[in-house]
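Have a look at final_29.tsv below; it lists TSV, C-alpha atoms.
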chain	number	residue	atom	x	y	z
A	197	MET	CA	0.00	0.00	0.00
A	198	LYS	CA	1.01	3.66	-0.38
A	199	ALA	CA	1.81	5.72	2.69
A	200	ILE	CA	3.51	8.95	3.74
A	201	VAL	CA	6.67	7.95	5.57
A	202	CYS	CA	8.85	9.96	7.94
A	203	GLU	CA	12.27	8.28	7.68
A	204	ALA	CA	14.00	10.75	10.05
A	205	PHE	CA	12.91	13.84	11.96
A	206	GLY	CA	13.34	16.91	9.80
A	207	PRO	CA	11.58	19.31	7.41
A	208	ILE	CA	8.11	18.41	6.19
A	209	ASP	CA	9.40	18.36	2.61
A	210	ASP	CA	11.56	15.34	3.51
A	211	LEU	CA	8.49	13.08	3.84
A	212	LYS	CA	8.23	10.33	1.23
A	213	CYS	CA	5.17	8.86	-0.47
A	214	LYS	CA	6.16	5.22	-0.93
A	215	GLU	CA	5.04	1.60	-0.88
A	216	VAL	CA	4.98	-0.08	2.54
A	217	ASP	CA	3.61	-3.36	3.88
A	218	ASP	CA	-0.10	-3.64	4.57
A	219	PRO	CA	-1.01	-3.71	8.28
A	220	VAL	CA	-1.60	-7.17	9.78
A	221	ILE	CA	-4.78	-7.69	11.79
A	222	LYS	CA	-4.48	-8.66	15.47
A	223	PRO	CA	-6.92	-9.30	18.32
A	224	GLY	CA	-8.90	-6.32	19.54
A	225	HIS	CA	-8.06	-4.27	16.45
A	226	VAL	CA	-9.58	-3.24	13.13
A	227	VAL	CA	-8.01	-2.55	9.72
A	228	VAL	CA	-9.59	0.41	7.98
A	229	ASN	CA	-9.41	1.20	4.25
A	230	VAL	CA	-8.69	4.91	4.53
A	231	GLU	CA	-10.82	7.19	2.35
A	232	ALA	CA	-9.81	10.47	4.02
A	233	ALA	CA	-7.40	11.57	6.74
A	234	GLY	CA	-7.47	14.82	8.69
A	235	VAL	CA	-4.32	16.95	8.83
A	236	ASN	CA	-3.54	18.68	12.13
A	237	PHE	CA	-0.92	21.06	13.49
A	238	PRO	CA	0.66	18.37	15.71
A	239	ASP	CA	1.32	16.24	12.60
A	240	GLY	CA	3.75	18.87	11.36
A	241	LEU	CA	5.42	19.15	14.76
A	242	LEU	CA	5.68	15.36	15.02
A	243	VAL	CA	7.62	14.81	11.79
A	244	GLN	CA	10.03	17.62	12.71
A	245	GLY	CA	10.73	16.07	16.12
A	246	LEU	CA	9.12	19.02	17.89
A	247	TYR	CA	6.14	17.27	19.49
A	248	GLN	CA	5.81	15.80	23.00
A	249	MET	CA	5.73	12.31	21.48
A	250	LYS	CA	8.72	11.12	19.43
A	251	PRO	CA	7.97	7.77	17.77
A	252	PRO	CA	10.85	5.66	16.44
A	253	CYS	CA	11.60	6.27	12.78
A	254	PRO	CA	10.53	5.33	10.22
A	255	PHE	CA	6.83	5.93	10.90
A	256	VAL	CA	3.66	7.00	9.13
A	257	PRO	CA	2.04	10.14	10.59
A	258	GLY	CA	-1.69	10.84	10.73
A	259	ASN	CA	-4.00	10.27	13.68
A	260	GLU	CA	-7.58	10.68	12.40
A	261	VAL	CA	-9.18	8.85	9.50
A	262	ALA	CA	-12.49	7.85	7.99
A	263	GLY	CA	-13.17	4.95	5.70
A	264	VAL	CA	-14.51	1.41	5.48
A	265	VAL	CA	-13.60	-1.56	7.69
A	266	ALA	CA	-11.50	-4.13	5.79
A	267	GLU	CA	-10.75	-6.62	8.60
A	268	VAL	CA	-11.90	-7.21	12.17
A	269	GLY	CA	-9.72	-8.84	14.81
A	270	GLU	CA	-10.65	-11.48	17.34
A	271	GLY	CA	-12.87	-10.20	20.16
A	272	VAL	CA	-14.26	-7.15	18.31
A	273	LYS	CA	-18.06	-7.10	18.53
A	274	HIS	CA	-19.26	-3.56	17.80
A	275	ILE	CA	-17.65	-3.15	14.36
A	276	SER	CA	-18.07	-5.28	11.22
A	277	VAL	CA	-16.40	-5.61	7.83
A	278	GLY	CA	-17.78	-3.15	5.26
A	279	GLN	CA	-18.94	-0.63	7.87
A	280	ARG	CA	-18.27	3.12	7.44
A	281	VAL	CA	-16.23	4.32	10.41
A	282	ILE	CA	-14.14	7.12	11.84
A	283	ALA	CA	-11.06	6.15	13.80
A	284	LEU	CA	-8.35	7.62	16.00
A	285	SER	CA	-5.16	5.95	14.82
A	286	ASN	CA	-2.48	7.81	16.84
A	287	LEU	CA	-0.06	7.08	13.97
A	288	GLY	CA	-0.40	5.51	10.54
A	289	GLY	CA	-3.34	7.51	9.20
A	290	PHE	CA	-1.61	8.93	6.11
A	291	ALA	CA	-1.86	5.62	4.27
A	292	GLU	CA	-4.25	3.54	2.22
A	293	LYS	CA	-4.86	1.24	5.21
A	294	VAL	CA	-4.38	1.58	8.96
A	295	LEU	CA	-4.57	-0.74	11.98
A	296	VAL	CA	-6.52	0.82	14.86
A	297	PRO	CA	-7.53	-0.43	18.35
A	298	ALA	CA	-11.24	-1.27	18.22
A	299	THR	CA	-11.84	0.98	21.25
A	300	HIS	CA	-10.94	3.95	19.02
A	301	VAL	CA	-13.19	3.05	16.07
A	302	MET	CA	-16.75	4.39	15.81
A	303	PRO	CA	-19.51	3.99	13.22
A	304	LEU	CA	-19.77	6.97	10.88
A	305	PRO	CA	-23.43	7.99	10.50
A	306	ASP	CA	-24.61	7.98	6.88
A	307	PRO	CA	-25.47	11.72	6.78
A	308	ILE	CA	-21.83	12.68	7.46
A	309	ASP	CA	-19.52	13.04	4.45
A	310	VAL	CA	-16.35	10.93	4.74
A	311	LYS	CA	-14.04	13.97	4.46
A	312	GLU	CA	-15.91	15.77	7.21
A	313	GLY	CA	-15.88	12.60	9.30
A	314	ALA	CA	-12.11	12.29	8.96
A	315	ALA	CA	-11.64	15.89	10.08
A	316	LEU	CA	-14.11	15.68	12.96
A	317	VAL	CA	-12.14	13.60	15.41
A	318	THR	CA	-9.19	15.68	16.58
A	319	ALA	CA	-10.27	19.32	16.30
A	320	HIS	CA	-13.84	18.99	17.51
A	321	ALA	CA	-13.02	16.33	20.08
A	322	THR	CA	-10.23	18.52	21.52
A	323	ALA	CA	-12.55	21.51	21.80
A	324	HIS	CA	-15.32	19.38	23.29
A	325	HIS	CA	-13.04	17.82	25.91
A	326	ALA	CA	-11.50	21.21	26.72
A	327	LEU	CA	-14.80	22.98	27.30
A	328	LYS	CA	-16.63	20.07	28.92
A	329	GLN	CA	-14.11	18.25	31.12
A	330	ARG	CA	-11.34	20.82	31.57
A	331	ALA	CA	-13.17	24.18	31.74
A	332	LYS	CA	-16.56	22.82	32.82
A	333	ILE	CA	-18.03	25.81	31.01
A	334	GLN	CA	-21.50	26.93	32.10
A	335	PRO	CA	-24.35	28.61	30.20
A	336	GLY	CA	-24.00	32.38	30.30
A	337	GLU	CA	-20.23	32.39	30.73
A	338	THR	CA	-17.95	34.30	28.36
A	339	LEU	CA	-15.64	32.24	26.14
A	340	VAL	CA	-12.73	33.79	24.25
A	341	VAL	CA	-11.42	31.65	21.36
A	342	THR	CA	-8.07	32.53	19.79
A	343	GLY	CA	-7.29	31.28	16.31
A	344	ALA	CA	-11.04	31.08	15.92
A	345	ALA	CA	-11.04	30.31	12.19
A	346	GLY	CA	-8.65	27.34	12.43
A	347	GLY	CA	-9.80	23.76	12.76
A	348	THR	CA	-9.96	23.48	16.53
A	349	GLY	CA	-10.72	27.17	17.09
A	350	LEU	CA	-13.77	27.03	14.84
A	351	ALA	CA	-14.84	23.85	16.63
A	352	ALA	CA	-14.57	25.68	19.98
A	353	VAL	CA	-16.76	28.49	18.66
A	354	GLN	CA	-19.48	26.02	17.62
A	355	ILE	CA	-19.30	23.89	20.76
A	356	GLY	CA	-19.11	26.92	23.06
A	357	LYS	CA	-22.34	28.23	21.53
A	358	GLU	CA	-24.00	24.83	21.87
A	359	MET	CA	-23.02	24.78	25.56
A	360	GLY	CA	-24.59	28.20	26.14
A	361	ALA	CA	-21.57	30.52	26.24
A	362	THR	CA	-21.20	34.00	24.80
A	363	VAL	CA	-18.36	33.52	22.30
A	364	ILE	CA	-15.70	36.10	21.52
A	365	ALA	CA	-13.71	35.15	18.40
A	366	VAL	CA	-10.13	36.38	18.02
A	367	CYS	CA	-8.57	36.27	14.54
A	368	SER	CA	-5.95	38.07	12.43
A	369	THR	CA	-8.13	39.03	9.43
A	370	GLU	CA	-11.67	40.19	8.72
A	371	GLU	CA	-12.16	37.19	6.41
A	372	LYS	CA	-11.38	34.78	9.24
A	373	LEU	CA	-13.63	36.70	11.64
A	374	ALA	CA	-16.49	36.48	9.13
A	375	LEU	CA	-16.11	32.69	9.11
A	376	ALA	CA	-16.16	32.59	12.93
A	377	LYS	CA	-19.29	34.76	12.96
A	378	GLU	CA	-20.96	32.44	10.44
A	379	HIS	CA	-20.40	29.58	12.89
A	380	GLY	CA	-21.79	31.29	15.96
A	381	ALA	CA	-19.35	33.87	17.33
A	382	ASP	CA	-21.14	36.73	19.10
A	383	ILE	CA	-18.27	39.24	19.33
A	384	LEU	CA	-15.35	39.64	16.90
A	385	ILE	CA	-11.85	40.93	17.67
A	386	ASN	CA	-9.18	41.52	15.03
A	387	TYR	CA	-6.00	41.44	17.12
A	388	LYS	CA	-4.00	42.97	14.26
A	389	GLU	CA	-6.09	46.13	14.53
A	390	LYS	CA	-6.94	46.29	18.25
A	391	ASN	CA	-5.07	45.80	21.50
A	392	LEU	CA	-6.31	42.34	22.48
A	393	LYS	CA	-6.25	42.89	26.26
A	394	ASP	CA	-8.21	46.14	25.96
A	395	ALA	CA	-10.66	44.62	23.48
A	396	ILE	CA	-11.45	41.66	25.76
A	397	LYS	CA	-11.92	44.02	28.69
A	398	GLU	CA	-14.30	46.16	26.65
A	399	ALA	CA	-16.24	43.13	25.33
A	400	THR	CA	-16.75	41.78	28.86
A	401	ASP	CA	-17.66	45.14	30.47
A	402	GLY	CA	-14.44	45.06	32.45
A	403	LYS	CA	-15.03	41.64	34.03
A	404	GLY	CA	-12.63	39.63	31.89
A	405	ALA	CA	-13.10	36.23	30.26
A	406	ASP	CA	-14.56	33.31	32.19
A	407	VAL	CA	-12.86	30.85	29.82
A	408	VAL	CA	-10.16	31.33	27.18
A	409	TYR	CA	-9.52	28.63	24.58
A	410	GLU	CA	-5.94	29.55	23.70
A	411	CYS	CA	-4.21	27.79	20.83
A	412	VAL	CA	-1.88	30.47	19.45
A	413	GLY	CA	0.70	31.16	22.19
A	414	GLY	CA	3.19	34.02	22.23
A	415	ASP	CA	1.83	37.55	22.64
A	416	THR	CA	-1.73	36.31	22.21
A	417	PHE	CA	-1.38	34.09	25.27
A	418	HIS	CA	0.17	36.92	27.30
A	419	ALA	CA	-2.73	39.26	26.43
A	420	CYS	CA	-5.26	36.62	27.43
A	421	SER	CA	-3.43	35.85	30.68
A	422	ARG	CA	-4.03	39.48	31.66
A	423	SER	CA	-7.68	39.38	30.63
A	424	MET	CA	-9.12	36.69	32.89
A	425	ALA	CA	-12.14	37.00	35.16
A	426	TRP	CA	-12.10	35.91	38.81
A	427	GLU	CA	-12.26	32.09	38.91
A	428	GLY	CA	-11.67	32.00	35.16
A	429	ARG	CA	-10.06	29.10	33.30
A	430	LEU	CA	-7.25	29.75	30.82
A	431	LEU	CA	-7.08	26.66	28.61
A	432	VAL	CA	-3.65	25.91	27.15
A	433	VAL	CA	-4.46	24.11	23.89
A	434	GLY	CA	-1.48	24.75	21.61
A	435	PHE	CA	1.05	27.15	20.16
A	436	ALA	CA	0.17	27.63	16.50
A	437	GLY	CA	2.01	30.97	16.49
A	438	GLY	CA	5.25	29.12	17.15
A	439	GLU	CA	6.23	30.59	20.53
A	440	ILE	CA	5.68	28.66	23.75
A	441	PRO	CA	5.06	31.43	26.31
A	442	GLN	CA	6.45	31.66	29.83
A	443	PHE	CA	3.65	32.23	32.34
A	444	PRO	CA	4.06	34.65	35.30
A	445	VAL	CA	2.33	32.62	38.01
A	446	ASN	CA	1.63	35.70	40.14
A	447	LEU	CA	-1.15	36.59	37.68
A	448	SER	CA	-3.03	33.41	38.57
A	449	LEU	CA	-2.56	34.11	42.27
A	450	VAL	CA	-3.67	37.74	42.19
A	451	LYS	CA	-6.56	37.31	39.76
A	452	GLY	CA	-7.74	33.98	41.19
A	453	TYR	CA	-7.94	32.00	37.95
A	454	SER	CA	-6.71	28.60	36.81
A	455	VAL	CA	-4.35	27.70	33.99
A	456	VAL	CA	-5.56	24.36	32.64
A	457	GLY	CA	-3.67	22.12	30.23
A	458	VAL	CA	-5.59	20.41	27.44
A	459	PHE	CA	-3.96	17.28	25.99
A	460	TRP	CA	-6.76	15.42	24.28
A	461	GLY	CA	-4.53	12.52	23.18
A	462	SER	CA	-3.76	11.67	26.81
A	463	PHE	CA	-7.46	11.97	27.68
A	464	THR	CA	-8.34	9.29	25.12
A	465	GLN	CA	-5.78	6.95	26.71
A	466	HIS	CA	-6.60	7.68	30.36
A	467	ASP	CA	-10.39	7.75	29.97
A	468	PRO	CA	-11.47	5.73	26.89
A	469	LYS	CA	-15.06	5.52	28.18
A	470	GLY	CA	-15.20	9.30	28.57
A	471	PHE	CA	-13.74	9.67	25.08
A	472	ALA	CA	-16.40	7.33	23.65
A	473	ALA	CA	-19.21	9.22	25.42
A	474	ASN	CA	-17.86	12.53	24.14
A	475	MET	CA	-17.72	11.23	20.58
A	476	GLN	CA	-21.29	9.94	20.79
A	477	GLU	CA	-22.45	13.38	21.91
A	478	LEU	CA	-20.45	15.08	19.15
A	479	LEU	CA	-21.83	12.77	16.45
A	480	THR	CA	-25.36	13.39	17.71
A	481	TRP	CA	-24.81	17.14	17.55
A	482	TYR	CA	-23.36	16.76	14.07
A	483	VAL	CA	-26.36	14.87	12.71
A	484	GLN	CA	-28.59	17.51	14.34
A	485	GLY	CA	-26.67	20.27	12.54
A	486	LYS	CA	-25.35	21.85	15.75
A	487	VAL	CA	-21.67	21.45	14.82
A	488	LYS	CA	-20.02	21.30	11.41
A	489	VAL	CA	-16.56	20.56	10.05
A	490	VAL	CA	-15.42	23.12	7.49
A	491	VAL	CA	-13.10	21.39	5.02
A	492	ASP	CA	-10.94	24.08	3.45
A	493	GLU	CA	-9.36	21.72	0.93
A	494	ALA	CA	-8.91	18.01	0.24
A	495	LEU	CA	-5.63	17.06	-1.47
A	496	PRO	CA	-4.43	13.68	-2.76
A	497	MET	CA	-1.88	11.77	-0.67
A	498	GLU	CA	0.92	12.68	-3.08
A	499	ARG	CA	0.44	16.32	-1.99
A	500	ALA	CA	0.48	15.57	1.73
A	501	THR	CA	3.52	17.78	2.36
A	502	GLU	CA	1.69	20.71	0.76
A	503	ALA	CA	-1.34	20.08	2.97
A	504	MET	CA	0.80	19.92	6.10
A	505	ALA	CA	2.71	23.08	5.17
A	506	LYS	CA	-0.53	25.01	4.76
A	507	VAL	CA	-1.67	23.91	8.22
A	508	MET	CA	1.68	24.82	9.79
A	509	ASN	CA	1.66	28.24	8.10
A	510	ARG	CA	-1.87	28.94	9.38
A	511	GLU	CA	-3.21	29.31	5.84
A	512	VAL	CA	-6.20	27.02	6.42
A	513	LYS	CA	-9.74	28.07	7.33
A	514	GLY	CA	-11.27	25.07	9.08
A	515	LYS	CA	-9.58	21.73	8.30
A	516	MET	CA	-7.27	20.28	5.69
A	517	VAL	CA	-7.81	16.69	4.50
A	518	ILE	CA	-5.75	14.26	2.40
A	519	THR	CA	-7.27	11.43	0.40
A	520	PRO	CA	-5.39	8.22	-0.50

What do you get writing this file as structure tokens?
Amino acid sequence: MKAIVCEAFGPIDDLKCKEVDDPVIKPGHVVVNVEAAGVNFPDGLLVQGLYQMKPPCPFVPGNEVAGVVAEVGEGVKHISVGQRVIALSNLGGFAEKVLVPATHVMPLPDPIDVKEGAALVTAHATAHHALKQRAKIQPGETLVVTGAAGGTGLAAVQIGKEMGATVIAVCSTEEKLALAKEHGADILINYKEKNLKDAIKEATDGKGADVVYECVGGDTFHACSRSMAWEGRLLVVGFAGGEIPQFPVNLSLVKGYSVVGVFWGSFTQHDPKGFAANMQELLTWYVQGKVKVVVDEALPMERATEAMAKVMNREVKGKMVITP
């Protein structure tokens, strides 16, 4: 089968599209014929050796896929051959086939397009876990979302609205803000044109943000860290801007708010039942039209490096997908 292979940590352009062995079925697992795979910011970090996890090389990146079940291992009862599914693969998703633990494979409802299904898992599931389990956001609270037109930022806008929050979208262009507004944002802030700290203060009538979904880092994080409400929750989701900020802990002490890490991959490992329940809720919302994956572009596997580069350069509105 064809796959995108990282032979050694380095630039994204070093990835190879080549023939590799098909995965071999084993108990408790499922082999999926991949029809679409979501591309995420951590994929680019991973192949460069910049992510928390450093798998042994060579490896195939890609952690979210959608497709059709090709084989079912011993002991698997809830999935059958020929079934449409979405799956969390951890690695191996940028390939024509992938072996996935059955606990991380879910039926894909017929109304959901396969490309949208492939892009649903990581971004929306991260936002859902962050707002539900980590922030425990409540109806009526104020939610600030940075990078609000990206894959996980746009998901946080949608899910925040569904959970009853007033959503403040923070983006770098008017075009991106318009997309966030289309998906539920109540208040729009262009941080290239306004001082972000002052704009959040104005938007919250001086109170500050109850919850911040922060996935940019750098100066954006610093502005948000000075814009929190009493008993607020500053969610550390990622650093798409490239700079991992240093946090002055006295701010948390004086302003009485929490800094909360969000590592969805660890959540799926530590609480697989909670992960499964979250995904069931997300899929229900999706079928009901309450959340929606925006696929910016779907590129063939041979152009995987181009897709990853666009994600890393923050040139994508919504999600990028590759198709074997």

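Pairwise distance (CA of Met302 in chain A, CA of Met249 in chain A) equals 24.5 Å.
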
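CA of Lys388 in chain A is found 15.4 Å from CA of Ile364 in chain A.
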
* Skipping near chain neighbours, those fewer than 3 positions away, what residues fall within 8 Å of range 460-471 of chain A using all atoms listed in the file, listed as number ranges by chain? -> A: 299, 321-322, 325-326, 474-475

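CA of Ala381 in chain A is positioned 7.6 Å from CA of Lys357 in chain A.
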
What's the 10 Å shell around Asp218 in chain A, counting only C-alpha atoms, without same-chain residues fewer than 6 positions away, as a JSON list (two decimals) with C-alpha atoms, in the frame of the given file?
[["chain", "number", "residue", "atom", "x", "y", "z"],
["A", 197, "MET", "CA", 0.00, 0.00, 0.00],
["A", 198, "LYS", "CA", 1.01, 3.66, -0.38],
["A", 199, "ALA", "CA", 1.81, 5.72, 2.69],
["A", 227, "VAL", "CA", -8.01, -2.55, 9.72],
["A", 291, "ALA", "CA", -1.86, 5.62, 4.27],
["A", 292, "GLU", "CA", -4.25, 3.54, 2.22],
["A", 293, "LYS", "CA", -4.86, 1.24, 5.21],
["A", 294, "VAL", "CA", -4.38, 1.58, 8.96],
["A", 295, "LEU", "CA", -4.57, -0.74, 11.98]]

Would you mind listing what lies within 8 Å of Lys515 in chain A as a PDB file with C-alpha atoms, keeping the file's coordinate frame, with all atoms listed in the file counted and same-chain residues fewer than 2 positions away left out?
ATOM      1  CA  GLY A 234      -7.470  14.820   8.690  1.00  0.00           C
ATOM      2  CA  VAL A 235      -4.320  16.950   8.830  1.00  0.00           C
ATOM      3  CA  ASN A 236      -3.540  18.680  12.130  1.00  0.00           C
ATOM      4  CA  ALA A 315     -11.640  15.890  10.080  1.00  0.00           C
ATOM      5  CA  GLY A 346      -8.650  27.340  12.430  1.00  0.00           C
ATOM      6  CA  GLY A 347      -9.800  23.760  12.760  1.00  0.00           C
ATOM      7  CA  VAL A 489     -16.560  20.560  10.050  1.00  0.00           C
ATOM      8  CA  VAL A 490     -15.420  23.120   7.490  1.00  0.00           C
ATOM      9  CA  VAL A 491     -13.100  21.390   5.020  1.00  0.00           C
ATOM     10  CA  ASP A 492     -10.940  24.080   3.450  1.00  0.00           C
ATOM     11  CA  GLU A 493      -9.360  21.720   0.930  1.00  0.00           C
ATOM     12  CA  VAL A 512      -6.200  27.020   6.420  1.00  0.00           C
ATOM     13  CA  LYS A 513      -9.740  28.070   7.330  1.00  0.00           C
ATOM     14  CA  VAL A 517      -7.810  16.690   4.500  1.00  0.00           C
TER      15      VAL A 517
END

* To do: May I have the residues within 7 Å of Gly206 in chain A as an NGL selection string, using all atoms listed in the file and disregarding those fewer than 4 positions away in the same chain?
  => :A and (210 or 243-245)

Closest pair table for range 269-381 of chain A residues within 10 Å of range 409-420 of chain A, only C-alpha atoms, as a tab-separated table:
residue	atom	partner	partner_atom	distance
A:Ala323	CA	A:Tyr409	CA	8.2
A:Ala326	CA	A:Tyr409	CA	8.0
A:Leu327	CA	A:Tyr409	CA	8.2
A:Ala331	CA	A:Tyr409	CA	9.2
A:Leu339	CA	A:Tyr409	CA	7.3
A:Val340	CA	A:Tyr409	CA	6.1
A:Val341	CA	A:Tyr409	CA	4.8
A:Thr342	CA	A:Glu410	CA	5.4
A:Gly343	CA	A:Val412	CA	6.3
A:Ala344	CA	A:Cys411	CA	9.0
A:Gly346	CA	A:Cys411	CA	9.5
A:Thr348	CA	A:Cys411	CA	8.4
A:Gly349	CA	A:Cys411	CA	7.5
A:Ala352	CA	A:Tyr409	CA	7.4
A:Val353	CA	A:Tyr409	CA	9.4
A:Gly356	CA	A:Tyr409	CA	9.9
A:Ala365	CA	A:Tyr409	CA	9.9
A:Val366	CA	A:Thr416	CA	9.4

* Spatial neighbours of Val220 in chain A, 12 Å, all atoms listed in the file, chain gap at least 3 places, as a list in words -> Asp217, Pro223, His225, Val226, Val227, Val228, Ala266, Glu267, Val268, Gly269, Lys293, Val294, Leu295 and Val296 of chain A

Can you spit out the residues from that selection as a PDB file, in the frame of the given file, using C-alpha atoms?
ATOM      1  CA  ASP A 217       3.610  -3.360   3.880  1.00  0.00           C
ATOM      2  CA  PRO A 223      -6.920  -9.300  18.320  1.00  0.00           C
ATOM      3  CA  HIS A 225      -8.060  -4.270  16.450  1.00  0.00           C
ATOM      4  CA  VAL A 226      -9.580  -3.240  13.130  1.00  0.00           C
ATOM      5  CA  VAL A 227      -8.010  -2.550   9.720  1.00  0.00           C
ATOM      6  CA  VAL A 228      -9.590   0.410   7.980  1.00  0.00           C
ATOM      7  CA  ALA A 266     -11.500  -4.130   5.790  1.00  0.00           C
ATOM      8  CA  GLU A 267     -10.750  -6.620   8.600  1.00  0.00           C
ATOM      9  CA  VAL A 268     -11.900  -7.210  12.170  1.00  0.00           C
ATOM     10  CA  GLY A 269      -9.720  -8.840  14.810  1.00  0.00           C
ATOM     11  CA  LYS A 293      -4.860   1.240   5.210  1.00  0.00           C
ATOM     12  CA  VAL A 294      -4.380   1.580   8.960  1.00  0.00           C
ATOM     13  CA  LEU A 295      -4.570  -0.740  11.980  1.00  0.00           C
ATOM     14  CA  VAL A 296      -6.520   0.820  14.860  1.00  0.00           C
TER      15      VAL A 296
END
